[in-house]
file query.txt (compact mmCIF, C-alpha atoms)
# COMPACT_ATOMS: atom_id res chain seq x y z
CA MET A 20 -57.38 3.41 56.92
CA SER A 21 -57.71 2.53 60.58
CA SER A 22 -55.80 4.51 63.18
CA GLU A 23 -56.70 2.27 66.14
CA LEU A 24 -54.52 -0.80 66.44
CA THR A 25 -56.51 -3.98 67.02
CA LYS A 26 -55.40 -7.26 68.58
CA SER A 27 -55.67 -9.07 65.24
CA THR A 28 -53.12 -6.89 63.43
CA LEU A 29 -49.44 -7.64 62.97
CA GLY A 30 -48.66 -3.98 63.57
CA ARG A 31 -49.11 -0.50 62.21
CA LEU A 32 -47.53 0.07 58.81
CA LEU A 33 -46.91 3.43 57.16
CA ILE A 34 -46.66 3.50 53.36
CA ILE A 35 -44.91 6.59 51.99
CA GLU A 36 -45.61 6.58 48.26
CA ASP A 37 -46.55 9.35 45.82
CA ASP A 38 -48.15 6.98 43.29
CA VAL A 39 -51.65 6.97 44.77
CA ASN A 40 -52.83 3.93 42.77
CA PHE A 41 -49.81 1.83 43.77
CA ALA A 42 -50.15 2.93 47.41
CA THR A 43 -53.86 2.04 47.43
CA VAL A 44 -53.28 -1.43 45.98
CA LEU A 45 -50.39 -2.05 48.36
CA ALA A 46 -52.41 -0.85 51.36
CA ARG A 47 -55.35 -3.05 50.41
CA ARG A 48 -53.10 -6.07 49.97
CA LEU A 49 -51.28 -5.56 53.27
CA THR A 50 -54.54 -4.96 55.14
CA ARG A 51 -55.59 -8.45 54.01
CA TYR A 52 -52.43 -9.74 55.69
CA HIS A 53 -53.50 -8.10 58.97
CA TYR A 54 -51.46 -4.90 58.97
CA ASP A 55 -53.05 -1.66 60.15
CA VAL A 56 -52.06 0.50 57.17
CA LEU A 57 -51.57 4.26 56.96
CA VAL A 58 -50.69 5.99 53.68
CA GLU A 59 -48.94 9.32 53.07
CA ASN A 60 -48.13 10.79 49.67
CA ASN A 61 -45.43 13.33 50.60
CA LEU A 62 -42.42 13.33 52.89
CA ASP A 63 -43.46 16.16 55.22
CA ASP A 64 -46.84 14.62 56.04
CA ALA A 65 -45.19 11.20 56.31
CA LEU A 66 -42.73 12.37 58.95
CA ASN A 67 -45.53 14.01 60.96
CA THR A 68 -47.66 10.86 60.74
CA ALA A 69 -44.69 8.70 61.76
CA LYS A 70 -44.11 10.83 64.85
CA LYS A 71 -47.80 10.78 65.84
CA GLN A 72 -48.77 7.21 64.94
CA LEU A 73 -45.44 5.44 65.71
CA PRO A 74 -45.80 2.68 63.11
CA ASN A 75 -44.02 -0.64 63.60
CA PHE A 76 -43.15 -0.76 59.90
CA VAL A 77 -42.48 1.82 57.19
CA LEU A 78 -42.43 1.25 53.43
CA LEU A 79 -40.71 4.27 51.90
CA ASP A 80 -40.52 4.93 48.17
CA MET A 81 -37.14 6.26 47.07
CA LYS A 82 -38.70 8.88 44.78
CA VAL A 83 -41.58 10.74 46.41
CA GLY A 84 -42.58 13.53 44.07
CA ASP A 85 -39.47 15.60 43.39
CA GLN A 86 -37.81 14.45 46.61
CA ASN A 87 -35.48 11.58 47.42
CA GLY A 88 -36.89 9.34 50.15
CA ILE A 89 -33.38 8.51 51.35
CA HIS A 90 -33.12 12.04 52.75
CA ILE A 91 -35.94 11.41 55.25
CA LEU A 92 -34.41 8.15 56.54
CA PRO A 93 -32.31 9.68 59.37
CA ALA A 94 -35.32 11.60 60.71
CA LEU A 95 -37.53 8.51 60.44
CA ARG A 96 -34.93 6.38 62.20
CA GLN A 97 -34.64 8.95 64.99
CA ALA A 98 -38.43 9.12 65.41
CA LEU A 99 -38.87 5.34 65.08
CA PRO A 100 -35.74 3.68 66.51
CA SER A 101 -37.27 0.20 66.77
CA SER A 102 -39.46 0.23 63.65
CA LYS A 103 -38.55 -1.71 60.55
CA ILE A 104 -37.97 0.69 57.66
CA ILE A 105 -37.87 -0.67 54.11
CA LEU A 106 -36.93 1.44 51.11
CA LEU A 107 -38.70 0.52 47.86
CA THR A 108 -37.35 1.65 44.53
CA GLY A 109 -37.90 1.22 40.85
CA TYR A 110 -34.30 2.38 40.27
CA ALA A 111 -32.23 -0.16 42.19
CA SER A 112 -28.48 0.23 42.31
CA ILE A 113 -25.71 -0.82 44.63
CA ALA A 114 -24.88 2.80 45.43
CA THR A 115 -28.41 3.67 46.54
CA ALA A 116 -28.72 0.38 48.45
CA VAL A 117 -25.59 1.22 50.45
CA GLU A 118 -26.73 4.82 50.98
CA ALA A 119 -30.18 3.66 52.14
CA ILE A 120 -28.79 1.21 54.68
CA LYS A 121 -26.25 3.75 55.99
CA SER A 122 -29.06 6.33 56.30
CA GLY A 123 -31.21 4.06 58.46
CA ALA A 124 -33.15 1.63 56.26
CA ASP A 125 -33.38 -1.95 57.46
CA ASP A 126 -33.95 -3.31 53.98
CA TYR A 127 -33.88 -2.23 50.34
CA LEU A 128 -36.24 -3.79 47.80
CA SER A 129 -36.76 -3.11 44.13
CA LYS A 130 -40.17 -2.67 42.51
CA PRO A 131 -42.17 -4.35 41.30
CA ILE A 132 -42.33 -6.56 44.37
CA ASP A 133 -44.57 -9.53 44.99
CA ALA A 134 -46.53 -9.99 48.20
CA ALA A 135 -44.42 -12.94 49.38
CA SER A 136 -41.13 -11.05 49.18
CA LEU A 137 -42.63 -8.00 50.86
CA LEU A 138 -44.10 -10.04 53.70
CA VAL A 139 -40.79 -11.80 54.27
CA ALA A 140 -39.03 -8.42 54.41
CA LEU A 141 -41.61 -7.03 56.83
CA ASP A 142 -41.80 -9.77 59.41
CA GLY A 143 -39.50 -12.56 58.30
CA THR A 144 -42.32 -14.88 57.36
CA ALA A 145 -44.67 -15.39 54.49
CA ASN A 146 -47.61 -15.28 56.93
CA ASN A 147 -48.32 -18.96 56.21
CA SER A 148 -50.51 -17.99 53.25
CA VAL A 149 -47.92 -17.06 50.66
CA HIS A 150 -44.80 -18.90 49.55
CA ALA A 151 -41.69 -16.91 50.43
CA GLU A 152 -39.10 -15.99 47.86
CA THR A 153 -35.50 -15.47 48.79
CA LYS A 154 -34.14 -11.95 48.98
CA MET A 155 -31.99 -10.65 46.18
CA THR A 156 -28.32 -11.05 47.07
CA THR A 157 -25.83 -8.22 46.70
CA ALA A 158 -24.18 -10.12 43.85
CA ARG A 159 -27.54 -10.43 42.10
CA LEU A 160 -28.26 -6.72 42.65
CA GLU A 161 -24.87 -5.89 41.14
CA TRP A 162 -25.63 -8.19 38.19
CA GLU A 163 -28.98 -6.42 37.59
CA HIS A 164 -27.27 -3.02 37.76
CA ILE A 165 -24.64 -4.13 35.25
CA GLN A 166 -27.35 -5.45 32.92
CA GLN A 167 -29.20 -2.15 33.13
CA ALA A 168 -26.01 -0.21 32.30
CA LEU A 169 -25.24 -2.62 29.46
CA LYS A 170 -28.72 -2.07 28.02
CA THR A 171 -28.32 1.71 28.32
CA ASN A 172 -25.06 1.44 26.34
CA ASN A 173 -26.67 -0.77 23.66
CA GLY A 174 -24.52 -3.76 24.63
CA ASN A 175 -21.23 -1.88 24.29
CA ILE A 176 -18.91 -3.48 26.89
CA SER A 177 -16.27 -0.73 26.74
CA ALA A 178 -18.80 2.08 27.23
CA THR A 179 -20.50 0.15 30.05
CA ALA A 180 -17.15 -0.48 31.78
CA ARG A 181 -16.33 3.24 31.59
CA GLN A 182 -19.77 4.17 32.95
CA LEU A 183 -19.40 1.74 35.86
CA GLY A 184 -15.78 2.68 36.57
CA LEU A 185 -14.57 -0.86 35.88
CA HIS A 186 -11.79 -2.24 33.74
CA ARG A 187 -13.19 -3.86 30.60
CA ARG A 188 -11.82 -7.31 31.52
CA THR A 189 -13.24 -7.04 35.05
CA LEU A 190 -16.66 -6.32 33.57
CA GLN A 191 -16.32 -9.28 31.22
CA ARG A 192 -15.48 -11.57 34.17
CA LYS A 193 -18.51 -10.31 36.09
CA LEU A 194 -20.71 -10.90 33.05
CA ALA A 195 -19.41 -14.46 32.72
CA LYS A 196 -20.63 -15.32 36.24
CA LYS A 197 -24.39 -14.88 36.60
CA PRO A 198 -25.20 -15.05 40.32
CA GLN A 199 -28.18 -16.90 41.75
CA ILE A 200 -31.09 -14.81 43.02

call {"tool": "encode", "arguments": {"input": "query.txt", "output": "C-alpha cells"}}
result
Amino acid sequence: MSSELTKSTLGRLLIIEDDVNFATVLARRLTRYHYDVLVENNLDDALNTAKKQLPNFVLLDMKVGDQNGIHILPALRQALPSSKIILLTGYASIATAVEAIKSGADDYLSKPIDAASLLVALDGTANNSVHAETKMTTARLEWEHIQQALKTNNGNISATARQLGLHRRTLQRKLAKKPQI
C-alpha cells in the first residue's frame, strides 16, 4: 500500500490484523474511501510502523496471533497521542470494552463490521456514499454478552447468572428489557 500521503486521502490508516484475508479486504475497501492504508500482521511490526509512519487512524484487532491487542494500546497511544485508535474484536464483552478504552482505545467495535459503521467510527461520517448505522450502545453490548453467555449455558438462567456474577432475578429483569441498538 502507499506510504506517501496524497492530498486526496482522508489520512493514513494502519490496520493491525493477523487474518491476512480479512486485512486485505478491509484495506481494499478503505482505500476506496480515500484512506492511505498500511497493514501489519503482528504487534511488534505494527508498533514500529506506527512510530515511523504516524498514522491518523489505527484499526487494531484484539487477538493478533497469540497476543492480545489490548496490551499494545498504551504504547500506541504514547506514540500516537492524537490518532484515533479503534479496537476490533470478534469476542465483544463489556469487560474488554472497558479495558480497551482505559488502555487508550478511542472506540471498540465488534466484528463483523459493515463499511458504514466503520467509516462513522473513523471520521464521524459515512463519507456521503454509505448510509451510517448507529453505534452499539453499552446496554446493547451488555445484552449481546448476556445472550452469548445464555447460549453457552444452553439457556439455563441459573447457570448464566452464576457465570455473569448476577442474581438470577436481576438477570431475568435484564432479559425482559431488550435495548435498542

call {"tool": "closest_residue", "arguments": {"input": "query.txt", "among": "A:Lys70, A:His90, A:Lys197, A:Arg31", "to": "Val58 in chain A", "atoms": "only C-alpha atoms"}}
result
A:Arg31

call {"tool": "residues_around", "arguments": {"input": "query.txt", "residues": "Ile176 in chain A", "least_positions_apart": "5", "cutoff": "10 Å", "atoms": "only C-alpha atoms", "output": "compact mmCIF listing (two decimals) with C-alpha atoms, in the frame of the given file"}}
result
# COMPACT_ATOMS: atom_id res chain seq x y z
CA ALA A 168 -26.01 -0.21 32.30
CA LEU A 169 -25.24 -2.62 29.46
CA LYS A 170 -28.72 -2.07 28.02
CA ARG A 181 -16.33 3.24 31.59
CA GLN A 182 -19.77 4.17 32.95
CA HIS A 186 -11.79 -2.24 33.74
CA ARG A 187 -13.19 -3.86 30.60
CA ARG A 188 -11.82 -7.31 31.52
CA LEU A 190 -16.66 -6.32 33.57
CA GLN A 191 -16.32 -9.28 31.22
CA LEU A 194 -20.71 -10.90 33.05

call {"tool": "atom_distance", "arguments": {"input": "query.txt", "atom1": "CA of Glu36 in chain A", "atom2": "CA of Asn60 in chain A"}}
result
5.1 Å

call {"tool": "closest_residue", "arguments": {"input": "query.txt", "among": "A:Asp38, A:Lys103, A:Asn172, A:Gln167", "to": "Ile120 in chain A", "atoms": "only C-alpha atoms"}}
result
A:Lys103

call {"tool": "residues_around", "arguments": {"input": "query.txt", "residues": "range 40-42 of chain A", "least_positions_apart": "4", "cutoff": "12 Å", "atoms": "only C-alpha atoms", "output": "PyMOL selection string"}}
result
chain A and resi 20+33-36+46-50+56-61+78-80+83+107+130-132

call {"tool": "atom_distance", "arguments": {"input": "query.txt", "atom1": "CA of Thr171 in chain A", "atom2": "CA of Ala114 in chain A"}}
result
17.5 Å

call {"tool": "atom_distance", "arguments": {"input": "query.txt", "atom1": "CA of Leu66 in chain A", "atom2": "CA of Ala116 in chain A"}}
result
21.2 Å

call {"tool": "closest_residue", "arguments": {"input": "query.txt", "among": "A:Glu118, A:Asp63, A:Asp142, A:Asp133", "to": "Leu32 in chain A", "atoms": "all atoms listed in the file"}}
result
A:Asp142

call {"tool": "closest_residue", "arguments": {"input": "query.txt", "among": "A:Ala124, A:Leu29, A:Leu45, A:Ala178", "to": "Ile105 in chain A", "atoms": "only C-alpha atoms"}}
result
A:Ala124

call {"tool": "closest_residue", "arguments": {"input": "query.txt", "among": "A:His164, A:Asp85, A:Pro93, A:Lys71", "to": "Thr115 in chain A", "atoms": "only C-alpha atoms"}}
result
A:His164

call {"tool": "closest_residue", "arguments": {"input": "query.txt", "among": "A:Leu138, A:Leu128, A:Val39, A:Ile113", "to": "Gly84 in chain A", "atoms": "all atoms listed in the file"}}
result
A:Val39

call {"tool": "decode", "arguments": {"input": "query.txt", "residues": "range 36-179 of chain A", "atoms": "C-alpha atoms", "output": "PDB file, in the first residue's frame"}}
result
ATOM      1  CA  GLU A  36      -4.760  -7.751  11.871  1.00  0.00           C
ATOM      2  CA  ASP A  37      -3.335 -11.274  11.733  1.00  0.00           C
ATOM      3  CA  ASP A  38      -6.053 -12.597   9.400  1.00  0.00           C
ATOM      4  CA  VAL A  39      -4.375 -11.687   6.111  1.00  0.00           C
ATOM      5  CA  ASN A  40      -7.521 -12.188   4.007  1.00  0.00           C
ATOM      6  CA  PHE A  41      -9.654 -10.001   6.278  1.00  0.00           C
ATOM      7  CA  ALA A  42      -6.927  -7.340   6.412  1.00  0.00           C
ATOM      8  CA  THR A  43      -6.612  -7.335   2.609  1.00  0.00           C
ATOM      9  CA  VAL A  44     -10.356  -6.954   2.065  1.00  0.00           C
ATOM     10  CA  LEU A  45     -10.575  -4.240   4.712  1.00  0.00           C
ATOM     11  CA  ALA A  46      -7.579  -2.384   3.251  1.00  0.00           C
ATOM     12  CA  ARG A  47      -9.033  -2.540  -0.247  1.00  0.00           C
ATOM     13  CA  ARG A  48     -12.406  -1.285   0.971  1.00  0.00           C
ATOM     14  CA  LEU A  49     -10.930   1.597   2.972  1.00  0.00           C
ATOM     15  CA  THR A  50      -8.629   2.596   0.112  1.00  0.00           C
ATOM     16  CA  ARG A  51     -11.780   3.082  -1.983  1.00  0.00           C
ATOM     17  CA  TYR A  52     -12.957   5.517   0.701  1.00  0.00           C
ATOM     18  CA  HIS A  53      -9.743   7.536   0.286  1.00  0.00           C
ATOM     19  CA  TYR A  54      -7.640   6.291   3.196  1.00  0.00           C
ATOM     20  CA  ASP A  55      -3.932   5.664   2.708  1.00  0.00           C
ATOM     21  CA  VAL A  56      -3.814   2.163   4.192  1.00  0.00           C
ATOM     22  CA  LEU A  57      -0.905   0.305   5.790  1.00  0.00           C
ATOM     23  CA  VAL A  58      -1.260  -3.280   7.046  1.00  0.00           C
ATOM     24  CA  GLU A  59       0.734  -5.149   9.691  1.00  0.00           C
ATOM     25  CA  ASN A  60       0.134  -8.726  10.798  1.00  0.00           C
ATOM     26  CA  ASN A  61       1.931  -8.766  14.165  1.00  0.00           C
ATOM     27  CA  LEU A  62       2.160  -6.409  17.113  1.00  0.00           C
ATOM     28  CA  ASP A  63       5.922  -5.772  17.063  1.00  0.00           C
ATOM     29  CA  ASP A  64       5.975  -4.729  13.399  1.00  0.00           C
ATOM     30  CA  ALA A  65       2.780  -2.734  13.947  1.00  0.00           C
ATOM     31  CA  LEU A  66       4.307  -0.657  16.733  1.00  0.00           C
ATOM     32  CA  ASN A  67       7.416   0.041  14.639  1.00  0.00           C
ATOM     33  CA  THR A  68       5.280   1.053  11.644  1.00  0.00           C
ATOM     34  CA  ALA A  69       3.120   3.275  13.857  1.00  0.00           C
ATOM     35  CA  LYS A  70       6.196   5.089  15.164  1.00  0.00           C
ATOM     36  CA  LYS A  71       7.662   5.558  11.666  1.00  0.00           C
ATOM     37  CA  GLN A  72       4.531   6.303   9.628  1.00  0.00           C
ATOM     38  CA  LEU A  73       2.472   8.173  12.296  1.00  0.00           C
ATOM     39  CA  PRO A  74      -0.958   7.101  11.022  1.00  0.00           C
ATOM     40  CA  ASN A  75      -4.003   9.263  11.736  1.00  0.00           C
ATOM     41  CA  PHE A  76      -6.095   6.154  12.393  1.00  0.00           C
ATOM     42  CA  VAL A  77      -5.406   2.659  13.726  1.00  0.00           C
ATOM     43  CA  LEU A  78      -7.666  -0.384  13.469  1.00  0.00           C
ATOM     44  CA  LEU A  79      -6.359  -2.925  15.963  1.00  0.00           C
ATOM     45  CA  ASP A  80      -7.618  -6.487  16.220  1.00  0.00           C
ATOM     46  CA  MET A  81      -7.978  -7.682  19.804  1.00  0.00           C
ATOM     47  CA  LYS A  82      -6.428 -11.090  19.027  1.00  0.00           C
ATOM     48  CA  VAL A  83      -3.289 -10.829  16.904  1.00  0.00           C
ATOM     49  CA  GLY A  84      -1.787 -14.288  16.716  1.00  0.00           C
ATOM     50  CA  ASP A  85      -1.253 -15.484  20.281  1.00  0.00           C
ATOM     51  CA  GLN A  86      -1.162 -11.926  21.623  1.00  0.00           C
ATOM     52  CA  ASN A  87      -3.840  -9.633  22.999  1.00  0.00           C
ATOM     53  CA  GLY A  88      -4.029  -6.358  21.080  1.00  0.00           C
ATOM     54  CA  ILE A  89      -5.140  -4.518  24.211  1.00  0.00           C
ATOM     55  CA  HIS A  90      -1.604  -4.875  25.580  1.00  0.00           C
ATOM     56  CA  ILE A  91      -0.156  -2.712  22.787  1.00  0.00           C
ATOM     57  CA  LEU A  92      -2.700   0.096  23.302  1.00  0.00           C
ATOM     58  CA  PRO A  93      -0.688   2.128  25.863  1.00  0.00           C
ATOM     59  CA  ALA A  94       2.404   2.084  23.622  1.00  0.00           C
ATOM     60  CA  LEU A  95       0.318   3.014  20.569  1.00  0.00           C
ATOM     61  CA  ARG A  96      -1.365   5.838  22.468  1.00  0.00           C
ATOM     62  CA  GLN A  97       2.014   7.152  23.620  1.00  0.00           C
ATOM     63  CA  ALA A  98       3.423   7.017  20.076  1.00  0.00           C
ATOM     64  CA  LEU A  99       0.235   8.412  18.502  1.00  0.00           C
ATOM     65  CA  PRO A 100      -1.353  10.787  21.025  1.00  0.00           C
ATOM     66  CA  SER A 101      -3.709  12.441  18.525  1.00  0.00           C
ATOM     67  CA  SER A 102      -4.535   9.430  16.340  1.00  0.00           C
ATOM     68  CA  LYS A 103      -7.878   7.691  16.510  1.00  0.00           C
ATOM     69  CA  ILE A 104      -7.399   4.106  17.690  1.00  0.00           C
ATOM     70  CA  ILE A 105     -10.240   1.615  17.255  1.00  0.00           C
ATOM     71  CA  LEU A 106     -10.156  -1.890  18.689  1.00  0.00           C
ATOM     72  CA  LEU A 107     -11.955  -4.530  16.606  1.00  0.00           C
ATOM     73  CA  THR A 108     -12.966  -7.837  18.117  1.00  0.00           C
ATOM     74  CA  GLY A 109     -14.911 -10.943  17.342  1.00  0.00           C
ATOM     75  CA  TYR A 110     -15.231 -11.572  21.093  1.00  0.00           C
ATOM     76  CA  ALA A 111     -17.028  -8.484  22.364  1.00  0.00           C
ATOM     77  CA  SER A 112     -17.711  -8.127  26.064  1.00  0.00           C
ATOM     78  CA  ILE A 113     -18.268  -5.285  28.463  1.00  0.00           C
ATOM     79  CA  ALA A 114     -15.103  -6.149  30.381  1.00  0.00           C
ATOM     80  CA  THR A 115     -12.859  -5.974  27.312  1.00  0.00           C
ATOM     81  CA  ALA A 116     -14.614  -2.812  26.091  1.00  0.00           C
ATOM     82  CA  VAL A 117     -13.855  -1.082  29.399  1.00  0.00           C
ATOM     83  CA  GLU A 118     -10.279  -2.391  29.417  1.00  0.00           C
ATOM     84  CA  ALA A 119      -9.723  -1.230  25.822  1.00  0.00           C
ATOM     85  CA  ILE A 120     -10.967   2.291  26.496  1.00  0.00           C
ATOM     86  CA  LYS A 121      -8.944   2.560  29.719  1.00  0.00           C
ATOM     87  CA  SER A 122      -5.850   1.336  27.836  1.00  0.00           C
ATOM     88  CA  GLY A 123      -6.119   4.032  25.177  1.00  0.00           C
ATOM     89  CA  ALA A 124      -8.636   2.990  22.517  1.00  0.00           C
ATOM     90  CA  ASP A 125     -10.999   5.663  21.256  1.00  0.00           C
ATOM     91  CA  ASP A 126     -13.613   3.154  20.182  1.00  0.00           C
ATOM     92  CA  TYR A 127     -14.447  -0.535  20.451  1.00  0.00           C
ATOM     93  CA  LEU A 128     -16.286  -2.326  17.649  1.00  0.00           C
ATOM     94  CA  SER A 129     -17.303  -5.934  17.226  1.00  0.00           C
ATOM     95  CA  LYS A 130     -16.733  -7.950  14.061  1.00  0.00           C
ATOM     96  CA  PRO A 131     -18.143  -8.466  11.597  1.00  0.00           C
ATOM     97  CA  ILE A 132     -18.497  -4.772  10.885  1.00  0.00           C
ATOM     98  CA  ASP A 133     -20.050  -3.118   7.874  1.00  0.00           C
ATOM     99  CA  ALA A 134     -18.370  -0.293   5.985  1.00  0.00           C
ATOM    100  CA  ALA A 135     -20.873   2.337   7.136  1.00  0.00           C
ATOM    101  CA  SER A 136     -20.313   1.666  10.841  1.00  0.00           C
ATOM    102  CA  LEU A 137     -16.556   1.577  10.393  1.00  0.00           C
ATOM    103  CA  LEU A 138     -16.498   4.849   8.471  1.00  0.00           C
ATOM    104  CA  VAL A 139     -18.636   6.533  11.114  1.00  0.00           C
ATOM    105  CA  ALA A 140     -16.243   5.306  13.815  1.00  0.00           C
ATOM    106  CA  LEU A 141     -13.209   6.507  11.863  1.00  0.00           C
ATOM    107  CA  ASP A 142     -14.232  10.019  10.943  1.00  0.00           C
ATOM    108  CA  GLY A 143     -17.731  10.583  12.255  1.00  0.00           C
ATOM    109  CA  THR A 144     -19.317  10.499   8.828  1.00  0.00           C
ATOM    110  CA  ALA A 145     -20.437   7.932   6.334  1.00  0.00           C
ATOM    111  CA  ASN A 146     -18.362   9.698   3.659  1.00  0.00           C
ATOM    112  CA  ASN A 147     -21.575  10.677   1.841  1.00  0.00           C
ATOM    113  CA  SER A 148     -21.546   7.374  -0.057  1.00  0.00           C
ATOM    114  CA  VAL A 149     -22.718   4.958   2.602  1.00  0.00           C
ATOM    115  CA  HIS A 150     -25.658   5.179   4.985  1.00  0.00           C
ATOM    116  CA  ALA A 151     -24.462   5.401   8.581  1.00  0.00           C
ATOM    117  CA  GLU A 152     -25.635   3.000  11.229  1.00  0.00           C
ATOM    118  CA  THR A 153     -25.785   3.995  14.852  1.00  0.00           C
ATOM    119  CA  LYS A 154     -23.134   2.694  17.219  1.00  0.00           C
ATOM    120  CA  MET A 155     -23.980  -0.118  19.565  1.00  0.00           C
ATOM    121  CA  THR A 156     -24.931   1.263  22.966  1.00  0.00           C
ATOM    122  CA  THR A 157     -23.441  -0.076  26.185  1.00  0.00           C
ATOM    123  CA  ALA A 158     -26.839  -1.525  27.079  1.00  0.00           C
ATOM    124  CA  ARG A 159     -26.976  -3.308  23.729  1.00  0.00           C
ATOM    125  CA  LEU A 160     -23.413  -4.606  24.180  1.00  0.00           C
ATOM    126  CA  GLU A 161     -24.392  -5.940  27.611  1.00  0.00           C
ATOM    127  CA  TRP A 162     -27.486  -7.570  26.085  1.00  0.00           C
ATOM    128  CA  GLU A 163     -25.349  -9.289  23.415  1.00  0.00           C
ATOM    129  CA  HIS A 164     -22.914 -10.506  26.075  1.00  0.00           C
ATOM    130  CA  ILE A 165     -25.765 -11.912  28.160  1.00  0.00           C
ATOM    131  CA  GLN A 166     -27.197 -13.662  25.094  1.00  0.00           C
ATOM    132  CA  GLN A 167     -23.821 -15.203  24.335  1.00  0.00           C
ATOM    133  CA  ALA A 168     -23.491 -16.466  27.932  1.00  0.00           C
ATOM    134  CA  LEU A 169     -27.062 -17.770  27.846  1.00  0.00           C
ATOM    135  CA  LYS A 170     -26.296 -19.687  24.646  1.00  0.00           C
ATOM    136  CA  THR A 171     -23.114 -21.118  26.177  1.00  0.00           C
ATOM    137  CA  ASN A 172     -25.192 -22.359  29.130  1.00  0.00           C
ATOM    138  CA  ASN A 173     -27.853 -23.895  26.843  1.00  0.00           C
ATOM    139  CA  GLY A 174     -30.493 -21.423  28.012  1.00  0.00           C
ATOM    140  CA  ASN A 175     -30.013 -22.207  31.711  1.00  0.00           C
ATOM    141  CA  ILE A 176     -30.784 -18.917  33.518  1.00  0.00           C
ATOM    142  CA  SER A 177     -29.297 -20.017  36.862  1.00  0.00           C
ATOM    143  CA  ALA A 178     -26.010 -21.157  35.318  1.00  0.00           C
ATOM    144  CA  THR A 179     -25.808 -17.980  33.219  1.00  0.00           C
TER     145      THR A 179
END
